[in-house]
>>> print(open('upload.tsv').read())   # TSV, N, CA and C atoms and all ligand atoms
chain	number	residue	atom	x	y	z
P	1	MET	N	18.17	98.52	-4.44
P	1	MET	CA	17.53	97.64	-5.43
P	1	MET	C	18.49	96.50	-5.77
P	2	ASN	N	17.94	95.34	-5.89
P	2	ASN	CA	18.75	94.18	-6.23
P	2	ASN	C	18.67	93.94	-7.73
P	3	TYR	N	19.76	94.17	-8.43
P	3	TYR	CA	19.74	94.06	-9.88
P	3	TYR	C	19.49	92.63	-10.34
P	4	ALA	N	19.87	91.68	-9.51
P	4	ALA	CA	19.68	90.28	-9.90
P	4	ALA	C	18.20	89.98	-10.11
P	5	ASP	N	17.33	90.67	-9.37
P	5	ASP	CA	15.89	90.43	-9.52
P	5	ASP	C	15.42	90.76	-10.93
P	6	LEU	N	16.13	91.67	-11.60
P	6	LEU	CA	15.68	92.13	-12.91
P	6	LEU	C	15.97	91.10	-14.00
P	7	MET	N	16.83	90.15	-13.72
P	7	MET	CA	17.23	89.21	-14.76
P	7	MET	C	16.42	87.91	-14.72
P	8	GLY	N	15.45	87.85	-13.84
P	8	GLY	CA	14.73	86.59	-13.62
P	8	GLY	C	13.71	86.27	-14.69
P	9	ASP	N	12.89	85.30	-14.39
P	9	ASP	CA	11.91	84.83	-15.35
P	9	ASP	C	10.82	85.85	-15.64
P	10	ASP	N	10.69	86.83	-14.75
P	10	ASP	CA	9.62	87.81	-14.95
P	10	ASP	C	10.00	88.87	-15.96
P	11	PHE	N	11.15	88.73	-16.58
P	11	PHE	CA	11.59	89.75	-17.53
P	11	PHE	C	10.57	89.98	-18.63
P	12	VAL	N	10.07	88.89	-19.21
P	12	VAL	CA	9.17	89.01	-20.35
P	12	VAL	C	7.84	89.60	-19.95
P	13	SER	N	7.39	89.27	-18.75
P	13	SER	CA	6.06	89.70	-18.35
P	13	SER	C	6.04	91.12	-17.81
P	14	GLN	N	7.19	91.68	-17.53
P	14	GLN	CA	7.22	93.02	-16.94
P	14	GLN	C	7.97	93.99	-17.84
P	15	THR	N	7.33	94.39	-18.91
P	15	THR	CA	8.00	95.31	-19.82
P	15	THR	C	7.25	96.63	-19.91
P	16	GLU	N	6.48	96.92	-18.87
P	16	GLU	CA	5.66	98.13	-18.92
P	16	GLU	C	6.38	99.37	-18.41
P	17	PHE	N	7.45	99.17	-17.66
P	17	PHE	CA	8.08	100.31	-17.01
P	17	PHE	C	9.54	100.44	-17.39
P	18	ASP	N	10.00	101.68	-17.40
P	18	ASP	CA	11.44	101.90	-17.58
P	18	ASP	C	12.19	101.33	-16.38
P	19	ARG	N	13.33	100.76	-16.65
P	19	ARG	CA	14.16	100.25	-15.56
P	19	ARG	C	15.51	100.95	-15.60
P	20	TYR	N	16.09	101.07	-14.44
P	20	TYR	CA	17.42	101.65	-14.36
P	20	TYR	C	18.40	100.53	-14.05
P	21	LEU	N	19.31	100.28	-14.97
P	21	LEU	CA	20.30	99.22	-14.80
P	21	LEU	C	21.68	99.84	-14.68
P	22	ASN	N	22.61	99.02	-14.20
P	22	ASN	CA	23.97	99.49	-14.00
P	22	ASN	C	24.89	98.80	-14.99
P	23	CYS	N	25.61	99.60	-15.77
P	23	CYS	CA	26.49	99.04	-16.80
P	23	CYS	C	27.69	98.34	-16.16
P	24	VAL	N	27.95	97.10	-16.60
P	24	VAL	CA	29.06	96.35	-16.01
P	24	VAL	C	30.41	96.85	-16.52
P	25	ASP	N	30.40	97.57	-17.62
P	25	ASP	CA	31.66	98.04	-18.19
P	25	ASP	C	32.08	99.39	-17.64
P	26	CYS	N	31.23	100.40	-17.77
P	26	CYS	CA	31.62	101.74	-17.35
P	26	CYS	C	31.03	102.13	-16.01
P	27	GLY	N	30.11	101.31	-15.49
P	27	GLY	CA	29.58	101.55	-14.15
P	27	GLY	C	28.50	102.60	-14.07
P	28	CYS	N	28.12	103.18	-15.21
P	28	CYS	CA	27.09	104.21	-15.16
P	28	CYS	C	25.70	103.57	-15.13
P	29	ASP	N	24.74	104.29	-14.58
P	29	ASP	CA	23.36	103.83	-14.64
P	29	ASP	C	22.79	104.20	-15.99
P	30	PHE	N	22.01	103.31	-16.56
P	30	PHE	CA	21.38	103.63	-17.84
P	30	PHE	C	19.94	103.15	-17.81
P	31	VAL	N	19.14	103.77	-18.65
P	31	VAL	CA	17.72	103.44	-18.70
P	31	VAL	C	17.49	102.31	-19.69
P	32	PHE	N	16.83	101.28	-19.22
P	32	PHE	CA	16.35	100.21	-20.10
P	32	PHE	C	14.86	100.48	-20.26
P	33	SER	N	14.53	101.21	-21.29
P	33	SER	CA	13.19	101.76	-21.40
P	33	SER	C	12.16	100.68	-21.70
P	34	ALA	N	10.91	100.97	-21.39
P	34	ALA	CA	9.83	100.01	-21.62
P	34	ALA	C	9.75	99.64	-23.10
P	35	SER	N	9.93	100.62	-23.98
P	35	SER	CA	9.84	100.31	-25.41
P	35	SER	C	11.03	99.47	-25.85
P	36	GLU	N	12.18	99.71	-25.23
P	36	GLU	CA	13.35	98.90	-25.56
P	36	GLU	C	13.17	97.48	-25.05
P	37	GLN	N	12.55	97.34	-23.88
P	37	GLN	CA	12.29	96.01	-23.34
P	37	GLN	C	11.37	95.23	-24.27
P	38	LYS	N	10.35	95.91	-24.80
P	38	LYS	CA	9.43	95.25	-25.74
P	38	LYS	C	10.18	94.81	-26.99
P	39	HIS	N	11.11	95.66	-27.42
P	39	HIS	CA	11.92	95.33	-28.59
P	39	HIS	C	12.74	94.08	-28.32
P	40	PHE	N	13.31	93.99	-27.12
P	40	PHE	CA	14.09	92.81	-26.74
P	40	PHE	C	13.21	91.57	-26.78
P	41	VAL	N	12.03	91.67	-26.17
P	41	VAL	CA	11.13	90.52	-26.11
P	41	VAL	C	10.71	90.11	-27.52
P	42	ALA	N	10.44	91.11	-28.36
P	42	ALA	CA	10.03	90.82	-29.74
P	42	ALA	C	11.12	90.07	-30.49
P	43	ASN	N	12.35	90.29	-30.10
P	43	ASN	CA	13.47	89.61	-30.75
P	43	ASN	C	13.95	88.38	-29.96
P	44	ASN	N	13.09	87.94	-29.03
P	44	ASN	CA	13.39	86.73	-28.25
P	44	ASN	C	14.67	86.84	-27.44
P	45	VAL	N	14.97	88.05	-27.01
P	45	VAL	CA	16.08	88.23	-26.09
P	45	VAL	C	15.49	88.30	-24.69
P	46	ASN	N	15.76	87.28	-23.91
P	46	ASN	CA	15.06	87.15	-22.64
P	46	ASN	C	15.87	87.57	-21.43
P	47	SER	N	16.90	88.33	-21.66
P	47	SER	CA	17.64	88.84	-20.52
P	47	SER	C	17.89	90.32	-20.70
P	48	ALA	N	17.93	91.03	-19.60
P	48	ALA	CA	18.17	92.46	-19.65
P	48	ALA	C	19.61	92.73	-20.04
P	49	PRO	N	19.87	93.84	-20.71
P	49	PRO	CA	21.25	94.16	-21.09
P	49	PRO	C	22.08	94.46	-19.85
P	50	SER	N	23.34	94.09	-19.88
P	50	SER	CA	24.21	94.38	-18.74
P	50	SER	C	25.12	95.56	-19.02
P	51	ARG	N	24.99	96.10	-20.23
P	51	ARG	CA	25.82	97.25	-20.58
P	51	ARG	C	24.95	98.38	-21.12
P	52	CYS	N	25.45	99.60	-20.95
P	52	CYS	CA	24.74	100.75	-21.51
P	52	CYS	C	24.88	100.75	-23.03
P	53	HIS	N	24.13	101.60	-23.67
P	53	HIS	CA	24.13	101.63	-25.13
P	53	HIS	C	25.53	101.84	-25.69
P	54	ASN	N	26.24	102.81	-25.16
P	54	ASN	CA	27.57	103.11	-25.70
P	54	ASN	C	28.51	101.93	-25.58
P	55	CYS	N	28.51	101.27	-24.41
P	55	CYS	CA	29.42	100.14	-24.23
P	55	CYS	C	29.00	98.98	-25.13
P	56	ARG	N	27.70	98.83	-25.37
P	56	ARG	CA	27.25	97.76	-26.26
P	56	ARG	C	27.75	98.00	-27.68
P	57	VAL	N	27.67	99.26	-28.13
P	57	VAL	CA	28.15	99.57	-29.48
P	57	VAL	C	29.64	99.29	-29.58
P	58	ILE	N	30.38	99.71	-28.56
P	58	ILE	CA	31.83	99.51	-28.58
P	58	ILE	C	32.14	98.01	-28.57
P	59	LEU	N	31.43	97.26	-27.72
P	59	LEU	CA	31.67	95.83	-27.63
P	59	LEU	C	31.35	95.14	-28.94
P	60	ARG	N	30.21	95.52	-29.53
P	60	ARG	CA	29.80	94.89	-30.77
P	60	ARG	C	30.81	95.16	-31.88
P	61	SER	N	31.27	96.38	-31.96
P	61	SER	CA	32.20	96.69	-33.05
P	61	SER	C	33.54	96.00	-32.80
P	62	ARG	N	33.90	95.80	-31.53
P	62	ARG	CA	35.14	95.08	-31.24
P	62	ARG	C	35.03	93.63	-31.66
P	63	SER	N	33.84	93.02	-31.45
P	63	SER	CA	33.72	91.60	-31.73
P	63	SER	C	33.42	91.34	-33.21
P	64	THR	N	32.91	92.33	-33.92
P	64	THR	CA	32.55	92.09	-35.32
P	64	THR	C	33.57	92.68	-36.29
P	65	SER	N	34.19	93.78	-35.90
P	65	SER	CA	35.09	94.44	-36.83
P	65	SER	C	36.48	93.82	-36.77
P	66	ARG	N	36.97	93.42	-37.93
P	66	ARG	CA	38.31	92.86	-37.97
P	66	ARG	C	39.37	93.95	-37.94
P	67	LYS	N	38.92	95.15	-38.17
P	67	LYS	CA	39.87	96.25	-38.17
P	67	LYS	C	40.04	96.85	-36.77
P	68	GLY	N	39.42	96.23	-35.79
P	68	GLY	CA	39.54	96.75	-34.43
P	68	GLY	C	38.52	97.80	-34.13
P	69	ALA	N	38.78	98.59	-33.12
P	69	ALA	CA	37.81	99.57	-32.64
P	69	ALA	C	37.95	100.91	-33.35
P	70	GLY	N	38.71	100.94	-34.42
P	70	GLY	CA	38.95	102.22	-35.07
P	70	GLY	C	37.76	102.80	-35.79
P	71	SER	N	36.70	101.98	-35.97
P	71	SER	CA	35.57	102.47	-36.73
P	71	SER	C	34.51	103.12	-35.86
P	72	ILE	N	34.74	103.23	-34.59
P	72	ILE	CA	33.74	103.84	-33.72
P	72	ILE	C	33.83	105.36	-33.82
P	73	SER	N	32.66	105.99	-33.99
P	73	SER	CA	32.63	107.44	-34.05
P	73	SER	C	31.76	107.97	-32.93
P	74	ALA	N	32.22	109.01	-32.29
P	74	ALA	CA	31.41	109.69	-31.29
P	74	ALA	C	30.58	110.74	-32.00
P	75	VAL	N	29.27	110.66	-31.83
P	75	VAL	CA	28.38	111.61	-32.49
P	75	VAL	C	27.39	112.14	-31.48
P	76	VAL	N	26.75	113.25	-31.84
P	76	VAL	CA	25.73	113.83	-30.99
P	76	VAL	C	24.37	113.44	-31.53
P	77	CYS	N	23.53	112.90	-30.65
P	77	CYS	CA	22.19	112.49	-31.05
P	77	CYS	C	21.42	113.65	-31.66
P	78	ALA	N	20.79	113.40	-32.82
P	78	ALA	CA	20.08	114.45	-33.52
P	78	ALA	C	18.81	114.87	-32.80
P	79	SER	N	18.38	114.08	-31.82
P	79	SER	CA	17.14	114.40	-31.14
P	79	SER	C	17.36	115.01	-29.76
P	80	CYS	N	18.15	114.34	-28.93
P	80	CYS	CA	18.31	114.81	-27.55
P	80	CYS	C	19.69	115.39	-27.28
P	81	TYR	N	20.56	115.35	-28.27
P	81	TYR	CA	21.90	115.95	-28.18
P	81	TYR	C	22.80	115.25	-27.16
P	82	ALA	N	22.46	114.01	-26.81
P	82	ALA	CA	23.35	113.24	-25.94
P	82	ALA	C	24.48	112.67	-26.78
P	83	LEU	N	25.64	112.55	-26.16
P	83	LEU	CA	26.78	111.94	-26.86
P	83	LEU	C	26.54	110.44	-26.97
P	84	THR	N	26.70	109.92	-28.16
P	84	THR	CA	26.50	108.50	-28.36
P	84	THR	C	27.58	107.97	-29.30
P	85	TYR	N	27.74	106.67	-29.34
P	85	TYR	CA	28.78	106.08	-30.17
P	85	TYR	C	28.14	105.17	-31.21
P	86	VAL	N	28.65	105.23	-32.42
P	86	VAL	CA	28.14	104.37	-33.47
P	86	VAL	C	29.31	103.62	-34.10
P	87	PRO	N	29.07	102.38	-34.55
P	87	PRO	CA	30.16	101.56	-35.09
P	87	PRO	C	30.44	101.84	-36.56
P	88	TYR	N	30.22	103.04	-37.00
P	88	TYR	CA	30.52	103.40	-38.39
P	88	TYR	C	30.81	104.88	-38.44
P	89	LYS	N	31.20	105.36	-39.57
P	89	LYS	CA	31.48	106.78	-39.71
P	89	LYS	C	30.28	107.46	-40.35
P	90	PRO	N	29.60	108.33	-39.62
P	90	PRO	CA	28.44	108.99	-40.21
P	90	PRO	C	28.86	109.87	-41.38
P	91	ASN	N	28.03	109.88	-42.43
P	91	ASN	CA	28.40	110.67	-43.61
P	91	ASN	C	27.91	112.11	-43.50
P	92	GLY	N	27.26	112.44	-42.39
P	92	GLY	CA	26.81	113.81	-42.19
P	92	GLY	C	25.51	114.13	-42.88
P	93	GLN	N	24.95	113.18	-43.62
P	93	GLN	CA	23.71	113.43	-44.35
P	93	GLN	C	22.51	112.82	-43.64
P	94	LYS	N	22.76	111.72	-42.94
P	94	LYS	CA	21.67	111.11	-42.18
P	94	LYS	C	21.81	111.49	-40.71
P	95	PRO	N	20.70	111.82	-40.04
P	95	PRO	CA	20.80	112.10	-38.62
P	95	PRO	C	21.12	110.83	-37.84
P	96	VAL	N	21.86	110.98	-36.76
P	96	VAL	CA	22.22	109.84	-35.92
P	96	VAL	C	21.52	110.00	-34.58
P	97	TYR	N	20.95	108.91	-34.08
P	97	TYR	CA	20.21	108.96	-32.82
P	97	TYR	C	20.85	108.05	-31.78
P	98	CYS	N	20.70	108.43	-30.54
P	98	CYS	CA	21.21	107.61	-29.45
P	98	CYS	C	20.26	106.43	-29.22
P	99	GLY	N	20.67	105.50	-28.36
P	99	GLY	CA	19.88	104.30	-28.12
P	99	GLY	C	18.49	104.58	-27.61
P	100	SER	N	18.36	105.53	-26.67
P	100	SER	CA	17.03	105.76	-26.12
P	100	SER	C	16.10	106.40	-27.14
P	101	CYS	N	16.64	107.26	-28.01
P	101	CYS	CA	15.79	107.88	-29.03
P	101	CYS	C	15.40	106.88	-30.11
P	102	LEU	N	16.30	105.97	-30.43
P	102	LEU	CA	16.00	104.96	-31.45
P	102	LEU	C	14.82	104.09	-31.04
P	103	PHE	N	14.72	103.85	-29.74
P	103	PHE	CA	13.66	102.97	-29.26
P	103	PHE	C	12.47	103.74	-28.73
P	104	ASN	N	12.45	105.04	-29.00
P	104	ASN	CA	11.33	105.84	-28.54
P	104	ASN	C	10.28	105.91	-29.65
P	105	PRO	N	9.16	105.19	-29.48
P	105	PRO	CA	8.17	105.12	-30.57
P	105	PRO	C	7.45	106.44	-30.80
P	106	SER	N	7.51	107.36	-29.84
P	106	SER	CA	6.81	108.63	-30.01
P	106	SER	C	7.64	109.62	-30.82
P	107	LEU	N	8.86	109.21	-31.11
P	107	LEU	CA	9.74	110.12	-31.85
P	107	LEU	C	9.63	109.80	-33.34
P	108	GLU	N	9.51	110.84	-34.14
P	108	GLU	CA	9.47	110.63	-35.59
P	108	GLU	C	10.90	110.64	-36.12
P	109	LEU	N	11.37	109.48	-36.49
P	109	LEU	CA	12.73	109.39	-37.00
P	109	LEU	C	12.72	109.58	-38.52
P	110	CYS	N	13.52	110.53	-38.97
P	110	CYS	CA	13.57	110.75	-40.41
P	110	CYS	C	14.78	110.05	-40.99
P	111	VAL	N	14.72	108.73	-41.01
P	111	VAL	CA	15.83	107.97	-41.58
P	111	VAL	C	15.40	107.31	-42.88
R	201	ZN	ZN	28.62	101.59	-20.14
R	202	ZN	ZN	18.84	110.84	-28.18
>>> encode(input="upload.tsv", output="structure tokens", more="lines below")
Ligand SMILES: [Zn+2]
Ligand SMILES: [Zn+2]
Amino acid sequence: MNYADLMGDDFVSQTEFDRYLNCVDCGCDFVFSASEQKHFVANNVNSAPSRCHNCRVILRSRSTSRKGAGSISAVVCASCYALTYVPYKPNGQKPVYCGSCLFNPSLELCV
């Protein structure tokens, strides 16, 4: 599969299917789900992500946090039990969800 094809003009019109992309940072394959694609389009983001959820969180916290990357916490998703990273310290009272569960509309999030 040619990943370059996924970044073209057809991005907005083809949000019906899950896509498998390759993270440029850690090299792992990650799912860019159909619901997540719709979320991107709804927010006028017209390009597919080049990083997996975890690397995006790490990158975002690096670029926004003046205190460095020390605020990243590794947590277990309350729904699928996948390891995920969040740019804050969970207080243990609210459940934390991974990227795919957050964008899963069929999941009832109790936040
Ligand atoms: Zn990654
Ligand atoms: Zn999950």
>>> residues_near_ligand(input="upload.tsv", ligand="ligand ZN 201 (chain R)", cutoff="7 Å", atoms="only N, CA and C atoms and all ligand atoms", output="PDB file with N, CA and C atoms, in the coordinates of the input")
ATOM      1  N   ASN P  22      22.610  99.020 -14.200  1.00  0.00           N
ATOM      2  CA  ASN P  22      23.970  99.490 -14.000  1.00  0.00           C
ATOM      3  C   ASN P  22      24.890  98.800 -14.990  1.00  0.00           C
ATOM      4  N   CYS P  23      25.610  99.600 -15.770  1.00  0.00           N
ATOM      5  CA  CYS P  23      26.490  99.040 -16.800  1.00  0.00           C
ATOM      6  C   CYS P  23      27.690  98.340 -16.160  1.00  0.00           C
ATOM      7  N   VAL P  24      27.950  97.100 -16.600  1.00  0.00           N
ATOM      8  CA  VAL P  24      29.060  96.350 -16.010  1.00  0.00           C
ATOM      9  C   VAL P  24      30.410  96.850 -16.520  1.00  0.00           C
ATOM     10  N   ASP P  25      30.400  97.570 -17.620  1.00  0.00           N
ATOM     11  CA  ASP P  25      31.660  98.040 -18.190  1.00  0.00           C
ATOM     12  C   ASP P  25      32.080  99.390 -17.640  1.00  0.00           C
ATOM     13  N   CYS P  26      31.230 100.400 -17.770  1.00  0.00           N
ATOM     14  CA  CYS P  26      31.620 101.740 -17.350  1.00  0.00           C
ATOM     15  C   CYS P  26      31.030 102.130 -16.010  1.00  0.00           C
ATOM     16  N   GLY P  27      30.110 101.310 -15.490  1.00  0.00           N
ATOM     17  CA  GLY P  27      29.580 101.550 -14.150  1.00  0.00           C
ATOM     18  C   GLY P  27      28.500 102.600 -14.070  1.00  0.00           C
ATOM     19  N   CYS P  28      28.120 103.180 -15.210  1.00  0.00           N
ATOM     20  CA  CYS P  28      27.090 104.210 -15.160  1.00  0.00           C
ATOM     21  C   CYS P  28      25.700 103.570 -15.130  1.00  0.00           C
ATOM     22  N   ARG P  51      24.990  96.100 -20.230  1.00  0.00           N
ATOM     23  CA  ARG P  51      25.820  97.250 -20.580  1.00  0.00           C
ATOM     24  C   ARG P  51      24.950  98.380 -21.120  1.00  0.00           C
ATOM     25  N   CYS P  52      25.450  99.600 -20.950  1.00  0.00           N
ATOM     26  CA  CYS P  52      24.740 100.750 -21.510  1.00  0.00           C
ATOM     27  C   CYS P  52      24.880 100.750 -23.030  1.00  0.00           C
ATOM     28  N   HIS P  53      24.130 101.600 -23.670  1.00  0.00           N
ATOM     29  CA  HIS P  53      24.130 101.630 -25.130  1.00  0.00           C
ATOM     30  C   HIS P  53      25.530 101.840 -25.690  1.00  0.00           C
ATOM     31  N   ASN P  54      26.240 102.810 -25.160  1.00  0.00           N
ATOM     32  CA  ASN P  54      27.570 103.110 -25.700  1.00  0.00           C
ATOM     33  C   ASN P  54      28.510 101.930 -25.580  1.00  0.00           C
ATOM     34  N   CYS P  55      28.510 101.270 -24.410  1.00  0.00           N
ATOM     35  CA  CYS P  55      29.420 100.140 -24.230  1.00  0.00           C
ATOM     36  C   CYS P  55      29.000  98.980 -25.130  1.00  0.00           C
ATOM     37  N   ARG P  56      27.700  98.830 -25.370  1.00  0.00           N
ATOM     38  CA  ARG P  56      27.250  97.760 -26.260  1.00  0.00           C
ATOM     39  C   ARG P  56      27.750  98.000 -27.680  1.00  0.00           C
TER      40      ARG P  56
END
>>> residues_near_point(input="upload.tsv", point="(8.7, 105.4, -16.8)", cutoff="8 Å", atoms="all atoms listed in the file", output="PDB file with N, CA and C atoms, keeping the file's coordinate frame")
ATOM      1  N   GLU P  16       6.480  96.920 -18.870  1.00  0.00           N
ATOM      2  CA  GLU P  16       5.660  98.130 -18.920  1.00  0.00           C
ATOM      3  C   GLU P  16       6.380  99.370 -18.410  1.00  0.00           C
ATOM      4  N   PHE P  17       7.450  99.170 -17.660  1.00  0.00           N
ATOM      5  CA  PHE P  17       8.080 100.310 -17.010  1.00  0.00           C
ATOM      6  C   PHE P  17       9.540 100.440 -17.390  1.00  0.00           C
ATOM      7  N   ASP P  18      10.000 101.680 -17.400  1.00  0.00           N
ATOM      8  CA  ASP P  18      11.440 101.900 -17.580  1.00  0.00           C
ATOM      9  C   ASP P  18      12.190 101.330 -16.380  1.00  0.00           C
ATOM     10  N   ARG P  19      13.330 100.760 -16.650  1.00  0.00           N
ATOM     11  CA  ARG P  19      14.160 100.250 -15.560  1.00  0.00           C
ATOM     12  C   ARG P  19      15.510 100.950 -15.600  1.00  0.00           C
ATOM     13  N   SER P  33      14.530 101.210 -21.290  1.00  0.00           N
ATOM     14  CA  SER P  33      13.190 101.760 -21.400  1.00  0.00           C
ATOM     15  C   SER P  33      12.160 100.680 -21.700  1.00  0.00           C
ATOM     16  N   ALA P  34      10.910 100.970 -21.390  1.00  0.00           N
ATOM     17  CA  ALA P  34       9.830 100.010 -21.620  1.00  0.00           C
ATOM     18  C   ALA P  34       9.750  99.640 -23.100  1.00  0.00           C
TER      19      ALA P  34
END
>>> residues_near_ligand(input="upload.tsv", ligand="ligand ZN 202 (chain R)", cutoff="6 Å", atoms="only N, CA and C atoms and all ligand atoms", output="number ranges by chain")
P: 77-82, 97-102
>>> residues_around(input="upload.tsv", residues="P:Pro87", least_positions_apart="5", cutoff="6.5 Å", atoms="all atoms listed in the file", output="number ranges by chain")
P: 57, 61, 71-73
>>> atom_distance(input="upload.tsv", atom1="atom CA of P:Gln93", atom2="atom C of P:Ser35")
26.4 Å
>>> atom_distance(input="upload.tsv", atom1="atom CA of P:Gly92", atom2="atom CA of P:Ile58")
20.4 Å
>>> atom_distance(input="upload.tsv", atom1="atom N of P:Phe32", atom2="atom CA of P:Ala48")
8.9 Å
>>> closest_residue(input="upload.tsv", among="P:Thr15, P:Arg60, P:Leu21, P:Lys89", to="P:Gln37", atoms="all atoms listed in the file")
P:Thr15
>>> select_by_dssp(input="upload.tsv", residues="stretch 7-64 of chain P", states="strand (DSSP E)", output="PDB file with N, CA and C atoms, keeping the file's coordinate frame")
ATOM      1  N   ARG P  19      13.330 100.760 -16.650  1.00  0.00           N
ATOM      2  CA  ARG P  19      14.160 100.250 -15.560  1.00  0.00           C
ATOM      3  C   ARG P  19      15.510 100.950 -15.600  1.00  0.00           C
ATOM      4  N   TYR P  20      16.090 101.070 -14.440  1.00  0.00           N
ATOM      5  CA  TYR P  20      17.420 101.650 -14.360  1.00  0.00           C
ATOM      6  C   TYR P  20      18.400 100.530 -14.050  1.00  0.00           C
ATOM      7  N   LEU P  21      19.310 100.280 -14.970  1.00  0.00           N
ATOM      8  CA  LEU P  21      20.300  99.220 -14.800  1.00  0.00           C
ATOM      9  C   LEU P  21      21.680  99.840 -14.680  1.00  0.00           C
ATOM     10  N   ASN P  22      22.610  99.020 -14.200  1.00  0.00           N
ATOM     11  CA  ASN P  22      23.970  99.490 -14.000  1.00  0.00           C
ATOM     12  C   ASN P  22      24.890  98.800 -14.990  1.00  0.00           C
ATOM     13  N   ASP P  29      24.740 104.290 -14.580  1.00  0.00           N
ATOM     14  CA  ASP P  29      23.360 103.830 -14.640  1.00  0.00           C
ATOM     15  C   ASP P  29      22.790 104.200 -15.990  1.00  0.00           C
ATOM     16  N   PHE P  30      22.010 103.310 -16.560  1.00  0.00           N
ATOM     17  CA  PHE P  30      21.380 103.630 -17.840  1.00  0.00           C
ATOM     18  C   PHE P  30      19.940 103.150 -17.810  1.00  0.00           C
ATOM     19  N   VAL P  31      19.140 103.770 -18.650  1.00  0.00           N
ATOM     20  CA  VAL P  31      17.720 103.440 -18.700  1.00  0.00           C
ATOM     21  C   VAL P  31      17.490 102.310 -19.690  1.00  0.00           C
ATOM     22  N   PHE P  32      16.830 101.280 -19.220  1.00  0.00           N
ATOM     23  CA  PHE P  32      16.350 100.210 -20.100  1.00  0.00           C
ATOM     24  C   PHE P  32      14.860 100.480 -20.260  1.00  0.00           C
TER      25      PHE P  32
END
